[in-house]
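A quick write-up on the structure given underneath.
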Amino acid sequence: MEQSFSSLERYSDEHALNAGIILLSHKTPKKINTVIVLVEGEDDEPIISKFFLPDTVDIQPCLGCGKVIKKLVKERKTEGKDDVIAILDSDFRNMKIAPDPNSYIFYTDYHDLEMTIIVGGSLAGLVHRSMNIPYQKKTLLNGLINRVETELFEYSMMKWYNSNNRLFFTIYDPDFQDKRTHSQPLLAVNLTSCFKPESPKCKHCSFPLPAFNNFCKKNQKPDLHQLTNGHDFLCRWAAIIKHETGVQSNEAIIRENIEILFNASIARKTGLYKRISKWATNHGRVMMA
């Protein structure tokens with residue numbers, strides 16, 4: 001007789017059961033006392049894992065901020081309120097007012113996880129040494145973070161404006177390989193062409209430059225660490241290395257080096273680590289590296 005198999009979700013729905021409770025009952029002994037840590041993407045896991053002692057947390061990528069929140073609500077109902085936390089990118093939340101503190105949601109110190117550990121640690125120098133960049137080019141490290149943030153400034157501001165005003169433009173990366181070397185905003189391409197009105201929610205046919213310029217006048221000298229996207233930073237950093245040192249580089253190469261070099265000692269320098277550590281202490285959890 002042919003057997004039919006249903007998914008756990010379907011089975012639980014048909015039998016009025018909670019899928020989370022079923023999963024909890026089948027937890028392995030290794031994970032039964034772990035804290036579930038929800039993160040946005042799979043590329044966050046190798047870095048976030050360095051914040052914690054081995055086998056004390058179960059890091060679960062959720063493929064997006066919205067999905068983290070949905071899963072957080074669900075897991076806190078089934079696992080218990082003291083067994084689940086979430087780590088989210090701050091994005092532009094800190095540009096004016098920091099997010100309200102939450103006992104189980106932790107936001108990155110700066111725009112995202114990459115900016116938090118690059119700014120908070122000494123990773124720039126470590127990455128350059130690990131990539132065997134010639135010693136005579138070491139002066140490149142002087143002001144590297146500020147230089148990259150400055151070169152990305154206009155593009156980052158446009159992203160913030162799009163997010164702040166809910167314009168719903170679809171955003172595409174500009175030419176990060178621009179050879180400009182004078183710490184000026186990237187101008188090799190028309191940045192407005194990176195913003196496409198592809199969503200039906202977008203009410204504009206093209207990027208509204210006059211309104212954007214007014215926005216910039218009202219928001220002068222923003223915190224560049226909060227403004228700059230980590231992905232953009234890595235891409236531009238890679239271009240600088242390639243053009244000015246001759247060492248082959250791209251975002252993936254730099255990220256791989258960061259994942260290898262990042263450790264608990266660097267993690268402890270971040271405010272993110274300190275906030276999670278305080279939560280762990282308050283909840284009697286021995287989990288921090």
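Here's how to read the names in the structure tokens: chain A, B, ... by the order shown, residue numbers from 1 in each chain, ligand numbers from 1 in the order shown.
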
Mind checking which residues fall within 10 Å of Glu114 of chain A, counting only C-alpha atoms, ignoring those fewer than 2 positions away in the same chain, and posting them as number ranges by chain?
-> A: 44, 47, 89, 108, 110-112, 116-120, 229-231, 233-234, 255, 258

With N, CA, C and O atoms retained, could you export that selection as a PDB file, in the first residue's frame?
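As a result, out-v2.pdb now contains:
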```pdb
ATOM      1  N   ASP A  44      25.316  36.274   8.300  1.00  0.00           N
ATOM      2  CA  ASP A  44      25.492  36.790   9.664  1.00  0.00           C
ATOM      3  C   ASP A  44      26.001  35.707  10.616  1.00  0.00           C
ATOM      4  O   ASP A  44      26.687  36.003  11.603  1.00  0.00           O
ATOM      5  N   ILE A  47      29.762  35.290  11.799  1.00  0.00           N
ATOM      6  CA  ILE A  47      30.223  36.383  12.653  1.00  0.00           C
ATOM      7  C   ILE A  47      29.544  36.326  14.016  1.00  0.00           C
ATOM      8  O   ILE A  47      30.200  36.385  15.054  1.00  0.00           O
ATOM      9  N   ASP A  89      19.898  44.252  12.111  1.00  0.00           N
ATOM     10  CA  ASP A  89      20.622  45.437  11.664  1.00  0.00           C
ATOM     11  C   ASP A  89      19.845  46.681  12.072  1.00  0.00           C
ATOM     12  O   ASP A  89      18.613  46.718  11.977  1.00  0.00           O
ATOM     13  N   THR A 108      22.230  46.263  15.958  1.00  0.00           N
ATOM     14  CA  THR A 108      23.660  46.502  15.798  1.00  0.00           C
ATOM     15  C   THR A 108      24.011  47.933  16.201  1.00  0.00           C
ATOM     16  O   THR A 108      23.174  48.834  16.146  1.00  0.00           O
ATOM     17  N   TYR A 110      25.940  50.054  14.713  1.00  0.00           N
ATOM     18  CA  TYR A 110      25.894  50.948  13.563  1.00  0.00           C
ATOM     19  C   TYR A 110      24.957  50.364  12.510  1.00  0.00           C
ATOM     20  O   TYR A 110      24.141  49.510  12.830  1.00  0.00           O
ATOM     21  N   HIS A 111      25.050  50.829  11.281  1.00  0.00           N
ATOM     22  CA  HIS A 111      24.046  50.519  10.264  1.00  0.00           C
ATOM     23  C   HIS A 111      23.725  49.034  10.168  1.00  0.00           C
ATOM     24  O   HIS A 111      22.571  48.635  10.053  1.00  0.00           O
ATOM     25  N   ASP A 112      24.735  48.193  10.226  1.00  0.00           N
ATOM     26  CA  ASP A 112      24.533  46.756  10.136  1.00  0.00           C
ATOM     27  C   ASP A 112      25.671  46.035  10.837  1.00  0.00           C
ATOM     28  O   ASP A 112      26.539  46.669  11.451  1.00  0.00           O
ATOM     29  N   THR A 116      29.348  47.497  12.260  1.00  0.00           N
ATOM     30  CA  THR A 116      29.555  47.402  13.707  1.00  0.00           C
ATOM     31  C   THR A 116      30.913  46.798  14.036  1.00  0.00           C
ATOM     32  O   THR A 116      31.638  47.309  14.893  1.00  0.00           O
ATOM     33  N   ILE A 117      31.293  45.734  13.356  1.00  0.00           N
ATOM     34  CA  ILE A 117      32.561  45.081  13.706  1.00  0.00           C
ATOM     35  C   ILE A 117      33.758  45.747  13.036  1.00  0.00           C
ATOM     36  O   ILE A 117      34.872  45.696  13.559  1.00  0.00           O
ATOM     37  N   ILE A 118      33.547  46.393  11.875  1.00  0.00           N
ATOM     38  CA  ILE A 118      34.651  47.096  11.218  1.00  0.00           C
ATOM     39  C   ILE A 118      35.010  48.348  12.012  1.00  0.00           C
ATOM     40  O   ILE A 118      36.188  48.619  12.273  1.00  0.00           O
ATOM     41  N   VAL A 119      34.004  49.107  12.416  1.00  0.00           N
ATOM     42  CA  VAL A 119      34.234  50.337  13.168  1.00  0.00           C
ATOM     43  C   VAL A 119      34.658  50.018  14.602  1.00  0.00           C
ATOM     44  O   VAL A 119      35.565  50.642  15.157  1.00  0.00           O
ATOM     45  N   GLY A 120      33.994  49.028  15.205  1.00  0.00           N
ATOM     46  CA  GLY A 120      34.239  48.714  16.609  1.00  0.00           C
ATOM     47  C   GLY A 120      35.539  47.987  16.878  1.00  0.00           C
ATOM     48  O   GLY A 120      36.088  48.071  17.975  1.00  0.00           O
ATOM     49  N   ASN A 229      26.002  51.588   4.414  1.00  0.00           N
ATOM     50  CA  ASN A 229      25.657  50.160   4.345  1.00  0.00           C
ATOM     51  C   ASN A 229      26.932  49.318   4.258  1.00  0.00           C
ATOM     52  O   ASN A 229      27.837  49.623   3.474  1.00  0.00           O
ATOM     53  N   GLY A 230      27.002  48.261   5.044  1.00  0.00           N
ATOM     54  CA  GLY A 230      28.197  47.423   5.094  1.00  0.00           C
ATOM     55  C   GLY A 230      28.562  46.783   3.767  1.00  0.00           C
ATOM     56  O   GLY A 230      29.741  46.661   3.415  1.00  0.00           O
ATOM     57  N   HIS A 231      27.556  46.344   3.011  1.00  0.00           N
ATOM     58  CA  HIS A 231      27.807  45.753   1.692  1.00  0.00           C
ATOM     59  C   HIS A 231      28.488  46.770   0.783  1.00  0.00           C
ATOM     60  O   HIS A 231      29.482  46.460   0.113  1.00  0.00           O
ATOM     61  N   PHE A 233      30.212  49.356   1.716  1.00  0.00           N
ATOM     62  CA  PHE A 233      31.535  49.630   2.273  1.00  0.00           C
ATOM     63  C   PHE A 233      32.541  48.582   1.802  1.00  0.00           C
ATOM     64  O   PHE A 233      33.640  48.922   1.357  1.00  0.00           O
ATOM     65  N   LEU A 234      32.171  47.314   1.896  1.00  0.00           N
ATOM     66  CA  LEU A 234      33.086  46.250   1.494  1.00  0.00           C
ATOM     67  C   LEU A 234      33.415  46.317   0.002  1.00  0.00           C
ATOM     68  O   LEU A 234      34.561  46.100  -0.401  1.00  0.00           O
ATOM     69  N   ARG A 255      35.213  39.807   2.823  1.00  0.00           N
ATOM     70  CA  ARG A 255      34.305  39.215   3.811  1.00  0.00           C
ATOM     71  C   ARG A 255      34.875  37.908   4.355  1.00  0.00           C
ATOM     72  O   ARG A 255      34.770  37.628   5.554  1.00  0.00           O
ATOM     73  N   ILE A 258      37.410  38.767   6.877  1.00  0.00           N
ATOM     74  CA  ILE A 258      36.776  39.276   8.094  1.00  0.00           C
ATOM     75  C   ILE A 258      36.238  38.123   8.939  1.00  0.00           C
ATOM     76  O   ILE A 258      36.414  38.096  10.161  1.00  0.00           O
TER      77      ILE A 258
END
```

Name the residues in contact with Ile48 of chain A at a cut-off of 9 Å, using only C-alpha atoms, excluding same-chain residues fewer than 4 positions from it; report them as a count of residues only.
-> 7

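Minimum atom-to-atom distance to Val247 of chain A, evaluated using only C-alpha atoms, belongs to A:Ile133 out of A:Ser206, A:Pro197, A:Leu261, A:Ile133.
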
Counting only C-alpha atoms, what are the residues of segment 85-123 of chain A within 10 Å of segment 144-165 of chain A, and for each of them which pair of atoms is the nearest and at what distance in Å, to one decimal? Sort the table by chain and rising number, as JSON lines.
```
{"residue": "A:Asp91", "atom": "CA", "partner": "A:Trp160", "partner_atom": "CA", "distance": 8.9}
{"residue": "A:Phe92", "atom": "CA", "partner": "A:Trp160", "partner_atom": "CA", "distance": 6.7}
{"residue": "A:Arg93", "atom": "CA", "partner": "A:Asn164", "partner_atom": "CA", "distance": 9.4}
{"residue": "A:Met95", "atom": "CA", "partner": "A:Trp160", "partner_atom": "CA", "distance": 9.1}
{"residue": "A:Met115", "atom": "CA", "partner": "A:Ile145", "partner_atom": "CA", "distance": 9.6}
{"residue": "A:Ile118", "atom": "CA", "partner": "A:Ile145", "partner_atom": "CA", "distance": 8.4}
{"residue": "A:Val119", "atom": "CA", "partner": "A:Ile145", "partner_atom": "CA", "distance": 7.6}
```

Contacts of segment 184-279 of chain A with segment 66-86 of chain A up to 12 Å, shortest pair per row, only C-alpha atoms, as CSV:
```
residue,atom,partner,partner_atom,distance
A:Leu272,CA,A:Ala86,CA,11.6
A:Arg275,CA,A:Ile85,CA,11.8
A:Ile276,CA,A:Ile85,CA,9.1
A:Trp279,CA,A:Ile85,CA,9.6
```

Between atom CA of Asn213 of chain A and atom CA of Asp178 of chain A, what is the spacing in Å?
-> 23.3 Å
